[in-house]
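K.L.:
Got a structure for you, questions after.
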Amino acid sequence: MTFDFKTALVTGAAGFIGYSLCKRLLADGVRVVGLDNLNDYYDVNLKKDRLAQLEALPGFRFVRQDLADLKGLEALFQSQSFDVVVNLSPQAGVRYSLVNPHAYVNANIVGFVNILECCRHNGAGHLVFASSSSVYGANTRMPFSVHANVDHPVSLYAASKKSNELMAHTYSHLYQLPCTGLRFFTVYGPWGRPDMALFLFTKAILEGRPIQVFNHGRMRRDFTYIDDIVEGVVRVMHRLPAPDPDWRGDAPDPGTSYAPYRNYNIGNNNPVELMDFIAAIEQALGMEAQKEMLPMQPGDVPATYADIDDLMRDVDFKPSTPIETGIAKFIAWYRDYYKV
C-alpha cells in the first residue's frame with residue numbers, strides 16, 4: 001500500500017544515517033523535525049556539523065531531546081502531528097555494549113517504548129525503526145533471511161535490537177500501529193561514524209599507525225553504502241506494512257505477521273572479505289596499512305550477508321554501490337573535512 005507523507009519525525013537526526021535521511025527527505029520536499037540528544041558516544045562536533053548542514057535547509061527544525069525523557073517526547077508529539085516517524089537514535093555499537101550496557105537499556109529499550117507510546121497515542125501513520133544485522137547473532141546459514149529465527153544474539157546491542165522488533169510487533173498487534181523494522185548491514189560512507197572500521201582504518205593509515213584487524217582478517221561483511229541505505233529507507237517509508245493473510249500460528253513465519261508489521265534487510269547482498277576492504281582503502285589513499293592481527297572480539301560475528309529478496313519484491317530496490325566507489329567517496333570527504 002503506497003503511503004504519502006508530508007511531515008516526518010527523524011530521531012537520531014545528528015547521527016550518520018539520520019543526517020543522511022533528513023537531507024534526502026528535505027530534498028524531496030518533506031517537512032522534517034529532527035530529534036537528537038547529542039550524546040558524546042563519539043565526537044559531538046561531527047554531530048553538530050551535520051546538524052549545521054541540515055539547519056541551513058528549508059523545512060527542517062531541530063529538537064534536542066532524549067528519548068528516555070517521556071514527558072519531553074510527549075510534549076513534542078502533542079505540539080505537532082507526524083505522518084511518519086523514523087527511529088534512528090538507538091545506542092549503536094557492539095563493542096561499547098560490553099562496557100556500558102545501561103546506555104543500551106536507556107536508549108534502545110526505555111527510549112523505544114516511549115516512541116511506541118507516543119506514536120500510539122498521537123496517531124503516527126507509520127513507524128519505521130532501525131534494527132540491525134546483529135540480530136542474526138549465532139546464525140550461520142547465509143544469506144541471512146528475515147524469515148529465519150533470530151533468537152540467539154551474541155551481544156547486548158543485538159539483544160536490544162531484537163527487543164525493538166518484538167516490542168514493535170506487540171504494538172502492531174494490540175493497536176494496529178503500522179511498524180516496519182530495518183536490519184541495516186555495515187553502513188559506510190561520507191559523514192560516517194568514527195567508531196566504524198572505515199573511519200578508524202583511514203585515520204590510522206593517514207597518521208602512520210597500525211590498524212587493528214580482528215579475527216586475523218578472516219571476516220566478511222556486507223558493506224552497504226549510505227546512499228543505498230537511505231534509498232531503501234525512503235522507499236519503505238512510503239509502503240505501509242500489510243497483514244499477511246497466509247500467516248499461521250502453527251507454523252509462524254518470523255518475517256511476516258497477521259498484524260501490520262514487517263522486517264526488511266537492507267544490505268549490499270555481496271559480502272566482502274575484510275582484507276579486500278582494507279586493500280580498497282589502501283588503493284584509494286595511495287598508502288599501505290600497517291596491520292596488527294588480533295583474535296575475534298567478544299560479541300562479534302565472522303560474517304554477514306543480506307538476503308534482500310523481500311526488499312526487492314516489495315519496494316523494487318537493490319543496493320548496488322561497489323566498495324571501491326563508496327570508499328573513494330568517503331576518503332574524498334574525510335580529506336576535505338579534516339583538511340588532510
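Each chain in the C-alpha cells gets a letter, A, B and so on, in the order shown; residues start at 1 in every chain, and ligands are counted from 1 in the order they appear.
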If you run DSSP on the backbone here, which positions in range 101-185 of chain A get helix (DSSP H, G or I)? Please write them as a VMD selection string.

P.N.:
chain A and resid 101 to 122 133 to 136 156 to 175

K.L.:
Would you export the selected residues with N, CA and C atoms as a compact mmCIF listing (two decimals), in the first residue's frame, please?

P.N.:
# COMPACT_ATOMS: atom_id res chain seq x y z
N PRO A 101 26.55 -1.29 29.29
CA PRO A 101 25.27 -1.91 28.93
C PRO A 101 24.06 -1.04 29.23
N HIS A 102 24.16 -0.21 30.28
CA HIS A 102 22.99 0.59 30.68
C HIS A 102 22.62 1.62 29.62
N ALA A 103 23.59 2.07 28.83
CA ALA A 103 23.28 3.01 27.76
C ALA A 103 22.32 2.39 26.75
N TYR A 104 22.43 1.08 26.55
CA TYR A 104 21.58 0.38 25.58
C TYR A 104 20.17 0.17 26.13
N VAL A 105 20.09 -0.07 27.43
CA VAL A 105 18.76 -0.21 28.05
C VAL A 105 18.02 1.13 28.01
N ASN A 106 18.71 2.22 28.35
CA ASN A 106 18.06 3.53 28.38
C ASN A 106 17.61 3.98 26.99
N ALA A 107 18.49 3.87 26.00
CA ALA A 107 18.17 4.38 24.66
C ALA A 107 17.33 3.39 23.86
N ASN A 108 17.69 2.10 23.91
CA ASN A 108 17.10 1.14 22.99
C ASN A 108 15.86 0.45 23.54
N ILE A 109 15.71 0.42 24.86
CA ILE A 109 14.53 -0.21 25.45
C ILE A 109 13.57 0.86 25.99
N VAL A 110 14.03 1.64 26.96
CA VAL A 110 13.18 2.70 27.52
C VAL A 110 12.81 3.72 26.44
N GLY A 111 13.80 4.18 25.70
CA GLY A 111 13.53 5.17 24.65
C GLY A 111 12.58 4.64 23.59
N PHE A 112 12.72 3.37 23.25
CA PHE A 112 11.89 2.82 22.17
C PHE A 112 10.44 2.65 22.62
N VAL A 113 10.22 2.21 23.84
CA VAL A 113 8.83 2.09 24.29
C VAL A 113 8.19 3.47 24.39
N ASN A 114 8.97 4.50 24.71
CA ASN A 114 8.43 5.86 24.71
C ASN A 114 8.00 6.29 23.32
N ILE A 115 8.81 5.95 22.31
CA ILE A 115 8.44 6.24 20.92
C ILE A 115 7.14 5.51 20.54
N LEU A 116 7.07 4.24 20.90
CA LEU A 116 5.87 3.46 20.60
C LEU A 116 4.63 4.07 21.25
N GLU A 117 4.74 4.46 22.51
CA GLU A 117 3.61 5.06 23.22
C GLU A 117 3.17 6.37 22.57
N CYS A 118 4.14 7.18 22.19
CA CYS A 118 3.81 8.47 21.56
C CYS A 118 3.18 8.27 20.19
N CYS A 119 3.67 7.31 19.43
CA CYS A 119 3.05 7.01 18.13
C CYS A 119 1.63 6.48 18.32
N ARG A 120 1.45 5.63 19.30
CA ARG A 120 0.13 5.05 19.56
C ARG A 120 -0.89 6.12 19.94
N HIS A 121 -0.51 7.01 20.83
CA HIS A 121 -1.48 7.98 21.37
C HIS A 121 -1.66 9.20 20.49
N ASN A 122 -0.78 9.39 19.51
CA ASN A 122 -0.85 10.62 18.71
C ASN A 122 -1.03 10.35 17.22
N SER A 133 21.69 -5.95 11.43
CA SER A 133 22.11 -7.29 11.04
C SER A 133 22.62 -8.08 12.24
N SER A 134 22.96 -7.38 13.33
CA SER A 134 23.46 -8.06 14.53
C SER A 134 22.43 -9.00 15.13
N VAL A 135 21.14 -8.82 14.81
CA VAL A 135 20.13 -9.71 15.39
C VAL A 135 20.32 -11.15 14.94
N TYR A 136 21.04 -11.38 13.84
CA TYR A 136 21.23 -12.75 13.36
C TYR A 136 22.18 -13.54 14.26
N LEU A 156 24.71 -7.58 23.78
CA LEU A 156 23.55 -6.88 24.33
C LEU A 156 22.96 -5.92 23.30
N TYR A 157 23.83 -5.33 22.47
CA TYR A 157 23.33 -4.48 21.40
C TYR A 157 22.36 -5.25 20.52
N ALA A 158 22.75 -6.44 20.09
CA ALA A 158 21.88 -7.26 19.25
C ALA A 158 20.59 -7.62 19.97
N ALA A 159 20.70 -7.95 21.24
CA ALA A 159 19.51 -8.30 22.02
C ALA A 159 18.56 -7.11 22.12
N SER A 160 19.12 -5.91 22.25
CA SER A 160 18.26 -4.72 22.35
C SER A 160 17.54 -4.45 21.03
N LYS A 161 18.20 -4.74 19.89
CA LYS A 161 17.56 -4.54 18.60
C LYS A 161 16.48 -5.59 18.35
N LYS A 162 16.75 -6.83 18.74
CA LYS A 162 15.72 -7.87 18.67
C LYS A 162 14.53 -7.48 19.56
N SER A 163 14.81 -6.90 20.72
CA SER A 163 13.75 -6.45 21.61
C SER A 163 12.88 -5.38 20.94
N ASN A 164 13.52 -4.48 20.19
CA ASN A 164 12.76 -3.45 19.48
C ASN A 164 11.78 -4.10 18.50
N GLU A 165 12.23 -5.12 17.80
CA GLU A 165 11.35 -5.79 16.85
C GLU A 165 10.16 -6.43 17.57
N LEU A 166 10.42 -7.06 18.70
CA LEU A 166 9.35 -7.70 19.47
C LEU A 166 8.37 -6.66 20.02
N MET A 167 8.91 -5.56 20.54
CA MET A 167 8.05 -4.50 21.09
C MET A 167 7.18 -3.88 20.00
N ALA A 168 7.78 -3.62 18.84
CA ALA A 168 7.02 -3.03 17.74
C ALA A 168 5.92 -3.97 17.28
N HIS A 169 6.23 -5.27 17.21
CA HIS A 169 5.19 -6.22 16.79
C HIS A 169 4.03 -6.23 17.78
N THR A 170 4.35 -6.13 19.05
CA THR A 170 3.29 -6.11 20.07
C THR A 170 2.35 -4.94 19.87
N TYR A 171 2.92 -3.76 19.56
CA TYR A 171 2.08 -2.58 19.35
C TYR A 171 1.30 -2.68 18.04
N SER A 172 1.88 -3.33 17.04
CA SER A 172 1.13 -3.57 15.81
C SER A 172 -0.06 -4.49 16.09
N HIS A 173 0.17 -5.51 16.92
CA HIS A 173 -0.89 -6.45 17.28
C HIS A 173 -1.97 -5.79 18.13
N LEU A 174 -1.56 -5.07 19.16
CA LEU A 174 -2.52 -4.51 20.11
C LEU A 174 -3.27 -3.29 19.57
N TYR A 175 -2.56 -2.42 18.85
CA TYR A 175 -3.12 -1.12 18.48
C TYR A 175 -3.16 -0.87 16.98

K.L.:
Identify, on the basis of only C-alpha atoms, every residue whose closest approach to range 46-61 of chain A does not exceed 12 Å; exclude the query and any residue fewer than 5 positions from it along the same chain; express the result as an MDAnalysis selection string.

P.N.:
chainID A and resid 6:41 76 80 190:194 334 337:338

K.L.:
Please provide as an NGL selection string all residues within 12 Å of Ala332 in chain A, with the sequence filter that same-chain residues fewer than 6 positions apart are discarded (counting only C-alpha atoms).

P.N.:
:A and (189-191 or 202 or 281 or 284-285 or 325-326 or 338-340)

K.L.:
For Phe3 in chain A, work out the shell of residues within 7 Å, counting only C-alpha atoms and skipping chain neighbours fewer than 5 positions away, then give it as a list of chain:residue names.

P.N.:
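Counting only the stated atoms, we get A:His238, A:Arg239, A:Leu240.
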
K.L.:
Take the residues from that selection and put them in a file with N, CA, C and O atoms, as a compact mmCIF listing (two decimals), in the first residue's frame.

P.N.:
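Below you can see part.txt, which holds the result:
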# COMPACT_ATOMS: atom_id res chain seq x y z
N HIS A 238 7.38 4.82 2.36
CA HIS A 238 6.21 5.02 1.50
C HIS A 238 5.34 3.76 1.39
O HIS A 238 4.30 3.81 0.73
N ARG A 239 5.74 2.68 2.04
CA ARG A 239 4.99 1.43 1.92
C ARG A 239 4.50 0.98 3.29
O ARG A 239 5.28 0.53 4.12
N LEU A 240 3.20 1.09 3.52
CA LEU A 240 2.66 0.62 4.79
C LEU A 240 2.68 -0.90 4.84
O LEU A 240 2.30 -1.56 3.87

K.L.:
Fewer than 2 positions away in the same chain doesn't count, so skip those; otherwise give me all residues within 9 Å of range 140-145 of chain A, counting only C-alpha atoms, as a list in words.

P.N.:
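Counting only the stated atoms, we get Ser133, Tyr136, Gly137, Ala138, His147, Ala148, Asn149, Gly255, Tyr264, Asn265, Asn269, Ala303, Thr304, Tyr305, Ala306, Asp307, Ile308 and Asp309 of chain A.
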
K.L.:
Please report, as a PyMOL selection string, each residue of range 16-200 of chain A to which DSSP assigns strand (DSSP E) when run on this structure's backbone.

P.N.:
chain A and resi 31-36+60-64+84-87+127-132+179-184+187-188
